[in-house]
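S.K.: Okay, so here is my_file21.txt, and as you'll see once you scroll down, it has compact mmCIF, C-alpha atoms and all ligand atoms.
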# COMPACT_ATOMS: atom_id res chain seq x y z
CA MET A 1 0.00 0.00 0.00
CA SER A 2 1.25 3.47 -0.84
CA VAL A 3 1.18 6.22 1.77
CA GLN A 4 1.89 8.87 -0.87
CA LYS A 5 -0.86 11.33 -1.76
CA HIS A 6 -2.49 10.32 -5.05
CA ILE A 7 -1.67 12.83 -7.74
CA SER A 8 -2.99 12.42 -11.25
CA ARG A 9 -0.69 14.16 -13.72
CA MET A 10 -0.59 14.38 -17.47
CA THR A 11 1.54 11.50 -18.83
CA ALA A 12 4.03 11.20 -21.69
CA PRO A 13 1.63 8.94 -23.67
CA GLY A 14 -1.10 11.51 -22.94
CA ILE A 15 1.05 14.17 -24.62
CA THR A 16 1.78 11.88 -27.60
CA ALA A 17 -1.96 11.24 -28.01
CA ARG A 18 -2.47 14.99 -28.60
CA LYS A 19 -0.70 14.80 -32.00
CA GLY A 20 -2.79 16.84 -34.44
CA GLY A 21 -5.32 17.67 -31.71
CA GLU A 22 -5.81 20.50 -29.24
CA PRO A 23 -2.55 22.51 -29.04
CA ILE A 24 -0.27 21.46 -26.17
CA VAL A 25 0.53 24.29 -23.74
CA CYS A 26 4.08 24.18 -22.33
CA LEU A 27 6.22 26.58 -20.30
CA THR A 28 9.44 26.34 -18.33
CA ALA A 29 9.70 26.56 -14.53
CA TYR A 30 12.62 26.33 -12.15
CA ASP A 31 11.05 26.89 -8.72
CA ALA A 32 8.02 25.76 -6.72
CA PRO A 33 5.99 29.04 -6.63
CA THR A 34 6.19 29.52 -10.41
CA ALA A 35 5.35 25.86 -11.01
CA ALA A 36 2.31 26.24 -8.72
CA ILE A 37 1.03 29.21 -10.77
CA ILE A 38 1.56 27.76 -14.26
CA ASP A 39 0.49 24.19 -13.41
CA GLU A 40 -3.19 25.10 -13.82
CA TYR A 41 -2.71 26.22 -17.42
CA CYS A 42 0.05 23.94 -18.74
CA ASP A 43 -0.02 20.39 -20.08
CA LEU A 44 3.75 20.14 -19.74
CA ILE A 45 6.26 21.98 -17.55
CA LEU A 46 9.87 21.86 -18.66
CA VAL A 47 12.64 22.33 -16.13
CA GLY A 48 14.90 23.63 -18.87
CA ASP A 49 18.65 23.98 -18.66
CA SER A 50 17.86 27.60 -19.59
CA VAL A 51 17.87 27.81 -15.78
CA GLY A 52 21.62 28.42 -16.13
CA MET A 53 21.00 31.66 -18.01
CA VAL A 54 17.71 32.96 -16.61
CA VAL A 55 18.26 32.07 -12.94
CA HIS A 56 21.99 31.58 -12.40
CA GLY A 57 23.27 34.33 -14.73
CA LEU A 58 25.47 32.07 -16.90
CA ASN A 59 26.04 33.20 -20.49
CA SER A 60 25.13 29.80 -21.96
CA THR A 61 23.64 26.49 -20.84
CA VAL A 62 27.02 24.74 -21.11
CA GLY A 63 27.90 25.27 -17.44
CA VAL A 64 24.69 23.73 -16.10
CA THR A 65 25.22 20.58 -14.00
CA LEU A 66 23.11 17.52 -13.24
CA GLU A 67 22.96 18.62 -9.58
CA MET A 68 21.46 21.99 -10.60
CA MET A 69 18.83 20.25 -12.73
CA ILE A 70 17.93 17.90 -9.88
CA LEU A 71 17.57 20.72 -7.34
CA HIS A 72 15.30 22.74 -9.65
CA GLY A 73 13.42 19.60 -10.75
CA GLN A 74 12.62 18.77 -7.12
CA ALA A 75 11.28 22.29 -6.52
CA VAL A 76 9.07 22.18 -9.63
CA MET A 77 7.70 18.76 -8.67
CA ARG A 78 6.81 20.10 -5.21
CA GLY A 79 5.00 23.08 -6.72
CA SER A 80 2.93 21.21 -9.32
CA ASN A 81 0.50 18.32 -9.34
CA LYS A 82 -1.21 18.35 -12.73
CA ALA A 83 1.22 18.95 -15.61
CA LEU A 84 3.74 16.46 -16.96
CA VAL A 85 7.15 17.55 -15.64
CA VAL A 86 10.12 17.07 -17.97
CA VAL A 87 13.69 17.80 -16.84
CA ASP A 88 16.51 18.65 -19.28
CA LEU A 89 19.65 16.53 -19.21
CA PRO A 90 22.45 19.08 -19.17
CA PHE A 91 25.47 19.30 -21.49
CA GLY A 92 28.00 16.53 -20.85
CA SER A 93 25.63 14.22 -19.00
CA TYR A 94 24.36 12.05 -21.87
CA GLU A 95 26.23 12.46 -25.16
CA ASP A 96 29.14 10.03 -24.87
CA SER A 97 27.31 6.70 -24.41
CA VAL A 98 23.86 5.23 -23.93
CA GLU A 99 25.00 3.99 -20.51
CA SER A 100 25.97 7.47 -19.29
CA ALA A 101 22.66 8.80 -20.62
CA PHE A 102 20.78 6.11 -18.66
CA LYS A 103 22.80 6.83 -15.51
CA SER A 104 22.04 10.57 -15.70
CA ALA A 105 18.40 10.19 -16.71
CA SER A 106 17.58 7.57 -14.08
CA LYS A 107 19.26 9.69 -11.37
CA VAL A 108 17.19 12.72 -12.41
CA MET A 109 13.96 10.71 -12.42
CA MET A 110 14.65 8.94 -9.11
CA GLU A 111 15.76 12.07 -7.25
CA THR A 112 13.14 14.48 -8.59
CA GLY A 113 10.14 12.25 -9.30
CA CYS A 114 9.78 13.85 -12.75
CA GLN A 115 8.18 11.73 -15.45
CA ALA A 116 10.44 12.35 -18.45
CA ILE A 117 13.70 13.91 -19.61
CA LYS A 118 14.67 16.03 -22.61
CA ILE A 119 17.84 15.79 -24.66
CA GLU A 120 19.14 17.93 -27.51
CA THR A 121 19.09 15.61 -30.47
CA GLY A 122 21.89 15.41 -33.02
CA SER A 123 22.28 12.63 -35.57
CA TYR A 124 23.96 10.41 -32.93
CA ALA A 125 20.97 10.49 -30.56
CA ALA A 126 18.59 7.83 -31.93
CA ALA A 127 20.42 5.03 -30.07
CA THR A 128 20.13 6.97 -26.80
CA ILE A 129 16.43 7.66 -27.28
CA SER A 130 15.54 3.99 -27.87
CA TYR A 131 17.89 2.79 -25.09
CA LEU A 132 16.24 5.10 -22.54
CA THR A 133 12.68 4.54 -23.73
CA GLU A 134 13.05 0.74 -23.67
CA ARG A 135 14.30 1.06 -20.08
CA GLY A 136 11.35 3.10 -18.82
CA ILE A 137 12.48 6.67 -19.44
CA PRO A 138 10.26 8.79 -21.70
CA VAL A 139 12.37 11.08 -23.88
CA MET A 140 11.44 14.44 -25.36
CA SER A 141 13.86 15.38 -28.15
CA HIS A 142 15.02 18.86 -29.17
CA VAL A 143 15.98 19.69 -32.77
CA GLY A 144 16.77 22.84 -34.78
CA LEU A 145 18.62 25.42 -32.71
CA ARG A 146 20.30 23.39 -29.99
CA PRO A 147 21.61 25.83 -27.35
CA GLN A 148 24.04 23.28 -25.84
CA SER A 149 25.93 23.40 -29.18
CA VAL A 150 26.35 27.20 -29.07
CA ASN A 151 30.14 26.90 -29.22
CA VAL A 152 29.96 24.87 -32.43
CA LEU A 153 27.19 27.00 -33.95
CA GLY A 154 28.82 30.33 -33.01
CA GLY A 155 25.61 31.86 -31.65
CA TYR A 156 21.86 31.54 -31.20
CA ARG A 157 20.73 32.41 -34.73
CA ALA A 158 17.82 30.48 -36.30
CA ARG A 159 18.92 27.24 -38.00
CA GLY A 160 18.17 25.48 -41.27
CA HIS A 161 18.91 28.39 -43.64
CA ASP A 162 20.08 26.29 -46.61
CA GLN A 163 18.63 23.09 -48.02
CA LYS A 164 21.34 20.85 -46.57
CA ALA A 165 20.92 22.23 -43.04
CA ALA A 166 17.12 22.02 -43.28
CA ALA A 167 17.31 18.41 -44.53
CA GLU A 168 19.57 17.53 -41.61
CA ILE A 169 17.10 18.97 -39.07
CA LEU A 170 14.23 17.11 -40.73
CA ALA A 171 16.26 13.87 -40.67
CA ASN A 172 17.13 14.35 -36.98
CA ALA A 173 13.47 14.86 -36.13
CA LYS A 174 12.37 11.78 -38.09
CA ALA A 175 15.09 9.66 -36.47
CA ALA A 176 14.12 10.98 -33.01
CA ALA A 177 10.47 10.08 -33.59
CA GLU A 178 11.27 6.62 -34.98
CA ALA A 179 13.56 5.95 -32.02
CA GLY A 180 10.64 6.50 -29.64
CA SER A 181 10.60 10.15 -28.50
CA PHE A 182 7.18 11.00 -27.07
CA ALA A 183 7.42 14.61 -28.34
CA ILE A 184 9.93 16.82 -30.13
CA VAL A 185 10.84 20.44 -29.36
CA VAL A 186 11.54 22.33 -32.61
CA GLU A 187 13.50 25.51 -31.88
CA GLY A 188 14.57 28.43 -34.06
CA VAL A 189 13.68 27.28 -37.56
CA ASN A 190 11.54 28.93 -40.22
CA THR A 191 7.82 28.23 -40.49
CA LYS A 192 8.20 26.10 -43.65
CA LEU A 193 10.68 23.72 -42.03
CA ALA A 194 8.71 23.55 -38.75
CA ASP A 195 5.59 22.63 -40.74
CA GLU A 196 7.51 19.98 -42.70
CA VAL A 197 8.79 18.45 -39.47
CA THR A 198 5.31 18.50 -37.93
CA LYS A 199 3.88 16.69 -40.98
CA ALA A 200 6.76 14.19 -41.14
CA VAL A 201 6.66 12.86 -37.56
CA ASN A 202 3.96 10.90 -35.76
CA VAL A 203 4.59 12.53 -32.37
CA PRO A 204 3.76 16.10 -31.30
CA THR A 205 6.11 18.92 -32.20
CA ILE A 206 6.47 21.65 -29.58
CA GLY A 207 7.51 24.88 -31.25
CA ILE A 208 9.66 27.70 -29.92
CA GLY A 209 10.50 30.24 -32.61
CA ALA A 210 9.01 27.78 -35.12
CA SER A 211 5.36 27.77 -36.34
CA SER A 212 1.82 28.11 -35.04
CA ASN A 213 1.11 24.81 -36.82
CA CYS A 214 3.30 22.90 -34.37
CA ASP A 215 1.29 20.58 -32.11
CA GLY A 216 2.19 22.72 -29.10
CA GLN A 217 4.18 25.76 -28.05
CA ILE A 218 6.75 26.46 -25.34
CA LEU A 219 8.40 29.65 -24.08
CA VAL A 220 10.90 30.35 -21.33
CA THR A 221 8.63 31.73 -18.60
CA PRO A 222 10.81 34.63 -17.35
CA ASP A 223 11.16 35.72 -21.02
CA MET A 224 7.41 35.76 -21.70
CA LEU A 225 6.81 37.57 -18.41
CA GLY A 226 9.16 40.34 -19.53
CA LEU A 227 11.84 39.91 -16.87
CA PHE A 228 14.59 40.74 -19.35
CA GLU A 229 15.06 43.70 -21.67
CA ARG A 230 16.64 41.67 -24.45
CA THR A 231 14.91 38.52 -25.64
CA PRO A 232 14.92 36.57 -28.93
CA LYS A 233 12.60 37.74 -31.75
CA PHE A 234 10.19 34.86 -31.14
CA VAL A 235 9.40 35.83 -27.54
CA LYS A 236 6.12 37.61 -27.02
CA LYS A 237 6.23 39.51 -23.73
CA TYR A 238 2.87 38.98 -22.08
CA GLU A 239 3.83 41.13 -19.08
CA ASP A 240 6.44 43.63 -17.93
CA LEU A 241 7.83 41.88 -14.87
CA LYS A 242 11.04 43.91 -15.03
CA GLY A 243 9.06 47.18 -14.93
CA VAL A 244 6.69 45.91 -12.22
CA THR A 245 9.66 44.79 -10.07
CA GLU A 246 11.59 48.02 -10.61
CA ARG A 247 8.57 50.17 -9.66
CA ALA A 248 7.89 48.13 -6.51
CA VAL A 249 11.54 48.16 -5.38
CA LYS A 250 11.89 51.91 -6.09
CA THR A 251 8.79 52.68 -4.00
CA TYR A 252 10.00 50.37 -1.21
CA ALA A 253 13.43 52.08 -1.14
CA GLU A 254 11.80 55.54 -0.98
CA GLU A 255 9.46 54.43 1.83
CA VAL A 256 12.29 52.88 3.87
CA LYS A 257 14.39 56.04 3.53
CA SER A 258 11.46 58.31 4.50
CA ARG A 259 10.34 55.91 7.31
CA VAL A 260 6.91 55.57 5.69
CA PHE A 261 7.48 51.81 5.79
CA PRO A 262 6.80 50.00 8.05
CA SER A 263 3.69 51.92 9.11
CA LYS A 264 1.52 50.84 12.06
CA GLU A 265 -0.35 48.19 10.09
CA TYR A 266 2.90 46.33 9.37
CA THR A 267 4.26 46.34 12.93
CA TYR A 268 3.38 44.43 16.12
CA LYS A 269 1.99 46.10 19.21
CA PHE A 270 1.58 43.79 22.22
CA LYS A 271 -0.89 44.83 24.95
O1 LIG B 1 16.10 24.93 -21.69
C1 LIG B 1 15.01 25.32 -22.12
O2 LIG B 1 14.31 26.15 -21.52
C2 LIG B 1 14.54 24.75 -23.37
C3 LIG B 1 13.37 25.39 -24.03
C4 LIG B 1 13.80 26.65 -24.66
C5 LIG B 1 12.70 24.49 -24.99
O3 LIG B 1 15.12 23.83 -23.88
Could you show the structure in this file as structure tokens?
M.R.:
Amino acid sequence: MSVQKHISRMTAPGITARKGGEPIVCLTAYDAPTAAIIDEYCDLILVGDSVGMVVHGLNSTVGVTLEMMILHGQAVMRGSNKALVVVDLPFGSYEDSVESAFKSASKVMMETGCQAIKIETGSYAAATISYLTERGIPVMSHVGLRPQSVNVLGGYRARGHDQKAAAEILANAKAAAEAGSFAIVVEGVNTKLADEVTKAVNVPTIGIGASSNCDGQILVTPDMLGLFERTPKFVKKYEDLKGVTERAVKTYAEEVKSRVFPSKEYTYKFK
């Protein structure tokens, strides 16, 4: 008998079943309070290795460690109880062999309780995807712009500009689907290629800087909330969190300096 509270979350097969159906809503989260807010509206929450840049101030995702992903994955699992939670495997934790990928992925799943992992998917990745999936680990793939390869690519520009590059991305996506990925993130490609990929694979595509015809969409939550001045072209800022925070902190500083805060209502008075 289990003493754990029963929680009924979206599953990886549940996401796959949405291919061609109602668009799949996905966002990133890295902490429990954010996860608790977005859980109501999201089918899938990604604990992305973008955490390195948007939370830890790194200038790429290359410095993100498995320990960081586990810590943030645990927080997101505590904050949510409805969405499928997927945790990114960071750079260096899965590329060299299927065995190292299994070791990293199983550690992430056992220590966080998340239900799936994501890997950035080059041509070498099909073996890893089938190895993990056959051993009980659902895999979300990531094709197109692959931020962990920033040092090879030379930047974060959209990918697939010429026919050869586009064909390679399409081939990677097809191989990832055939190998058993339950969904595929398609990042930073033009609409035509994103649509081709979506038509060519039998699992949902989750677009980011891709196409509205993808089976779902994902954005980095602090980006779409407007926490940063500079964001990629594909980010729609739904709020101005930077402005809201600045205004609140400015008012707080003024009130502290003028002793307006804390006023009577924010202090204790014992009888
Ligand atoms: O790390 C991340 O947040 C991601 C999304 C951009 C898809 O991989």
S.K.: How many Å lie between CA of Arg135 in chain A and CA of Met109 in chain A, rounded to one decimal?
M.R.: 12.3 Å
S.K.: Under the rule of at most 9 Å, produce a per-residue listing of range 45-144 of chain A near range 13-25 of chain A: chain, number, name, the closest pair of atoms, and the distance in Å, as a Markdown table, using all atoms listed in the file.
M.R.:
| residue | atom | partner | partner_atom | distance |
| --- | --- | --- | --- | --- |
| A:Ile45 | CA | A:Val25 | CA | 8.7 |
| A:Leu84 | CA | A:Ile15 | CA | 8.4 |
| A:Pro138 | CA | A:Pro13 | CA | 8.9 |
S.K.: Using only C-alpha atoms and all ligand atoms, pick whichever of A:Tyr94, A:Tyr238, A:Tyr156, A:Tyr131 has the shortest atom-to-atom distance to ligand LIG 1 (chain B).
M.R.: A:Tyr156
S.K.: Could you give me, as a VMD selection string, every polymer residue with an atom at most 10 Å away from an atom of ligand LIG 1 (chain B), counting all atoms listed in the file?
M.R.: chain A and resid 26 to 30 45 to 54 61 87 to 90 118 to 120 141 to 143 145 to 148 184 to 188 206 to 209 217 to 221
S.K.: Can you work out the spacing between CA of Glu99 in chain A and CA of Ile129 in chain A in Å, to one decimal?
M.R.: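 Atom-to-atom, CA of Glu99 in chain A to CA of Ile129 in chain A, that is 11.5 Å.
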S.K.: I'd like the contact shell of range 240-251 of chain A - 8 Å cut-off, only C-alpha atoms, skipping same-chain residues fewer than 3 positions apart - returned as a PyMOL selection string.
M.R.: chain A and resi 225-229+237+254-255
S.K.: Do you have the CA of Thr11 in chain A-CA of Glu111 in chain A distance handy?
M.R.: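 Between CA of Thr11 in chain A and CA of Glu111 in chain A the gap is 18.3 Å.
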S.K.: Tell me which protein, DNA and RNA residues are within 10 Å of Ala179 in chain A, counting only C-alpha atoms, leaving out same-chain ones fewer than 3 positions away, and put them as a ChimeraX atom specification.
M.R.: /A:125-134,139,173-176,182
S.K.: Give as a PyMOL selection string the set of residues within 9 Å of the point (3.5, 8.1, -35.2), where distances use the file's coordinates and only C-alpha atoms.
M.R.: chain A and resi 16+19+177-178+201-204
S.K.: Looking at only C-alpha atoms, which of A:Leu153, A:Val235, A:Val197, A:Ile70 is the one that sits closest to Ile117 in chain A?
M.R.: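 Residue with the minimum atom-to-atom distance to Ile117 in chain A: A:Ile70.
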S.K.: Go through A:Ser104, A:Lys82, A:Glu95, A:Leu71 one by one, measure the shortest atom-to-atom distance of each to Tyr41 in chain A using only C-alpha atoms, and give the residue with the smallest value.
M.R.: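 Smallest separation from Tyr41 in chain A among the options: A:Lys82.
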S.K.: Do a neighbour search on Met77 in chain A at 9 Å with only C-alpha atoms, toss out local chain neighbours closer than 5 positions, and write the hits as a PDB file with C-alpha atoms, in the coordinates of the input.
M.R.:
ATOM      1  CA  ASP A  31      11.050  26.890  -8.720  1.00  0.00           C
ATOM      2  CA  ALA A  32       8.020  25.760  -6.720  1.00  0.00           C
ATOM      3  CA  ALA A  35       5.350  25.860 -11.010  1.00  0.00           C
ATOM      4  CA  HIS A  72      15.300  22.740  -9.650  1.00  0.00           C
ATOM      5  CA  VAL A  85       7.150  17.550 -15.640  1.00  0.00           C
ATOM      6  CA  THR A 112      13.140  14.480  -8.590  1.00  0.00           C
ATOM      7  CA  GLY A 113      10.140  12.250  -9.300  1.00  0.00           C
ATOM      8  CA  CYS A 114       9.780  13.850 -12.750  1.00  0.00           C
TER       9      CYS A 114
END
